[in-house]
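Notes follow once the structure below has been shown.
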Amino acid sequence: MHYAEKPTKTWSVICVAVYLAGIAYLGVQSLPEDLGIWLGLCALFLLPLGGCLAVPLSKLVYHRIDIDARTLRVGRERIPLAALDPGSVRAAANEALPGAAQRYATSLHTVDAPLPGFRAADQGNPRLVGGAWGVPMGMDSVVIGTRQGERLTIATRDRAAFLAALSHATAAPHHQL
């Protein structure tokens, strides 16, 4: 059993294509006479490109989900499947799918920043798994529990597929303690 949830690359490809088209257009009009100015503009336009790529790169690092035979990996964290409560996974799978407005509202309020008062524990909220400080705007999130009673929030792109894979993986008899 293996499940992998990786972000789409559509936005990143569009941003890089617009950047390359823009510098190519500038190059056609200014090269070879203005090579220095053209190189300077290429470097200058990397700043807005970096801003446009920051969120997709963050999602790739902190919200990538992989489930293998024994481990749930979310971003930089690894959680043994045996440590997850199968009942909480089933309960999350039986919840109604949130609408777009609810996903946006939930993502706005799911913050786990390493600052006093902004930690999820300080606010009485489940801990955000993966290493990020919050759920990206509009992304869905799932709350599950561990056998030790800790509640975890996991940001996901495909709630139904993730919970189905996690239900299947935690229901396997070799994961029980």
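Residues in the structure tokens are numbered from 1 in each chain, the chains being A, B, ... in the order shown, and ligands are numbered from 1 in the order shown.
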I'd like to know which residues of range 17-116 of chain A are strand (DSSP E or B) (by DSSP, run on the backbone); could you write them as a ChimeraX atom specification?
/A:65-67,71-74,77-80,84,111
Go ahead and save the residues from that selection, with all heavy atoms, as a compact mmCIF listing (two decimals), in the first residue's frame.
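The file below, out.txt, is the result:
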```txt
# COMPACT_ATOMS: atom_id res chain seq x y z
N ILE A 65 2.31 14.67 1.26
CA ILE A 65 1.87 13.52 2.05
C ILE A 65 2.27 12.23 1.36
O ILE A 65 2.04 12.06 0.16
CB ILE A 65 0.33 13.54 2.23
CG1 ILE A 65 -0.09 14.78 3.02
CG2 ILE A 65 -0.14 12.27 2.92
CD1 ILE A 65 -1.59 14.95 3.11
N ASP A 66 2.87 11.33 2.12
CA ASP A 66 3.22 9.99 1.65
C ASP A 66 2.82 8.99 2.73
O ASP A 66 3.11 9.19 3.91
CB ASP A 66 4.72 9.84 1.39
CG ASP A 66 5.18 10.62 0.18
OD1 ASP A 66 4.57 10.45 -0.89
OD2 ASP A 66 6.15 11.39 0.30
N ILE A 67 2.17 7.93 2.31
CA ILE A 67 1.83 6.84 3.23
C ILE A 67 2.47 5.58 2.66
O ILE A 67 2.22 5.22 1.51
CB ILE A 67 0.31 6.63 3.36
CG1 ILE A 67 -0.36 7.90 3.88
CG2 ILE A 67 0.02 5.45 4.29
CD1 ILE A 67 -1.88 7.83 3.87
N THR A 71 4.49 4.06 7.76
CA THR A 71 4.71 5.46 8.13
C THR A 71 3.81 6.39 7.35
O THR A 71 3.61 6.22 6.14
CB THR A 71 6.18 5.84 7.87
OG1 THR A 71 7.03 4.89 8.50
CG2 THR A 71 6.50 7.21 8.41
N LEU A 72 3.33 7.42 8.05
CA LEU A 72 2.66 8.56 7.42
C LEU A 72 3.68 9.68 7.45
O LEU A 72 4.16 10.06 8.51
CB LEU A 72 1.41 8.96 8.21
CG LEU A 72 0.81 10.33 7.88
CD1 LEU A 72 0.32 10.38 6.44
CD2 LEU A 72 -0.32 10.66 8.84
N ARG A 73 4.02 10.18 6.28
CA ARG A 73 4.96 11.29 6.20
C ARG A 73 4.20 12.51 5.69
O ARG A 73 3.59 12.48 4.63
CB ARG A 73 6.10 10.97 5.25
CG ARG A 73 7.07 12.13 5.14
CD ARG A 73 8.21 11.81 4.21
NE ARG A 73 9.04 12.99 4.12
CZ ARG A 73 9.77 13.30 3.08
NH1 ARG A 73 9.81 12.50 2.04
NH2 ARG A 73 10.48 14.39 3.07
N VAL A 74 4.24 13.58 6.50
CA VAL A 74 3.63 14.85 6.12
C VAL A 74 4.71 15.90 6.21
O VAL A 74 5.22 16.17 7.31
CB VAL A 74 2.45 15.21 7.04
CG1 VAL A 74 1.84 16.53 6.61
CG2 VAL A 74 1.40 14.12 7.05
N GLU A 77 7.73 15.70 8.77
CA GLU A 77 7.46 14.80 9.90
C GLU A 77 7.12 13.40 9.43
O GLU A 77 6.48 13.20 8.41
CB GLU A 77 6.29 15.32 10.74
CG GLU A 77 6.60 16.56 11.52
CD GLU A 77 5.50 16.90 12.49
OE1 GLU A 77 5.07 16.01 13.27
OE2 GLU A 77 5.07 18.06 12.47
N ARG A 78 7.52 12.44 10.25
CA ARG A 78 7.18 11.05 10.03
C ARG A 78 6.44 10.55 11.27
O ARG A 78 6.93 10.68 12.38
CB ARG A 78 8.42 10.21 9.82
CG ARG A 78 9.19 10.53 8.56
CD ARG A 78 10.37 9.58 8.41
NE ARG A 78 11.40 9.85 7.48
CZ ARG A 78 11.33 10.32 6.26
NH1 ARG A 78 10.21 10.70 5.79
NH2 ARG A 78 12.37 10.48 5.49
N ILE A 79 5.27 9.95 11.04
CA ILE A 79 4.46 9.44 12.14
C ILE A 79 4.21 7.96 11.87
O ILE A 79 3.69 7.60 10.81
CB ILE A 79 3.10 10.19 12.21
CG1 ILE A 79 3.34 11.69 12.38
CG2 ILE A 79 2.25 9.64 13.34
CD1 ILE A 79 2.10 12.53 12.19
N PRO A 80 4.57 7.09 12.81
CA PRO A 80 4.27 5.66 12.62
C PRO A 80 2.76 5.44 12.54
O PRO A 80 2.00 6.02 13.32
CB PRO A 80 4.86 4.99 13.87
CG PRO A 80 5.76 6.01 14.49
CD PRO A 80 5.28 7.35 14.05
N LEU A 84 -1.29 6.08 15.21
CA LEU A 84 -2.54 6.77 14.88
C LEU A 84 -3.74 5.98 15.36
O LEU A 84 -3.74 4.75 15.34
CB LEU A 84 -2.64 6.98 13.37
CG LEU A 84 -1.57 7.87 12.75
CD1 LEU A 84 -1.74 7.92 11.24
CD2 LEU A 84 -1.59 9.26 13.34
N VAL A 111 -3.56 28.15 12.56
CA VAL A 111 -2.22 28.74 12.68
C VAL A 111 -1.48 28.00 13.77
O VAL A 111 -2.03 27.71 14.83
CB VAL A 111 -2.31 30.24 13.02
CG1 VAL A 111 -0.94 30.83 13.25
CG2 VAL A 111 -3.05 30.98 11.93
```
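Nearest to Thr156 in chain A of all the residues A:Leu60, A:Ala82, A:Leu41, A:Val55 is A:Leu60, based on only C-alpha atoms.
Among the candidates A:Asp140, A:Asp85, A:Glu95, A:Asp122, the residue lying nearest to Ser107 in chain A is A:Asp140 (atoms considered: only C-alpha atoms).
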Check the DSSP output for the backbone and give back, as number ranges by chain, the residues of range 13-159 of chain A in alpha helix (DSSP H).
A: 13-30, 35-44, 46-62, 86-94, 100-109, 120-123, 159
If you count only C-alpha atoms, which residues fall within 9 Å of His109 in chain A, apart from same-chain ones fewer than 3 positions away, as an MDAnalysis selection string?
chainID A and resid 104:106 134:135
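Pairwise distance (CA of Gly145 in chain A, CA of Ala83 in chain A) equals 8.9 Å.
Picture a line from CA of Cys52 in chain A to CA of Asp158 in chain A; it runs 22.9 Å.
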For Val89 in chain A: contacts at 12 Å, only C-alpha atoms, fewer than 3 positions along chain excluded, given as a ChimeraX atom specification:
/A:81,83-86,92-95,142-147,151-154,159-160,162-171
What's the separation between CA of Val18 in chain A and CA of Ala43 in chain A, in Å to one decimal place?
14.6 Å
I'd like the contact shell of Gly130 in chain A - 7 Å cut-off, only C-alpha atoms, skipping same-chain residues fewer than 2 positions apart - returned as number ranges by chain.
A: 62-63, 74-77, 128, 132
Which of A:Leu49, A:Val28, A:Gly149, A:Ile23 sits closest to Trp11 in chain A [using only C-alpha atoms]
A:Leu49
For Cys42 in chain A, work out the shell of residues within 12 Å, counting only C-alpha atoms and skipping chain neighbours fewer than 6 positions away, then give it as a ChimeraX atom specification.
/A:19-27,35-36,48-49
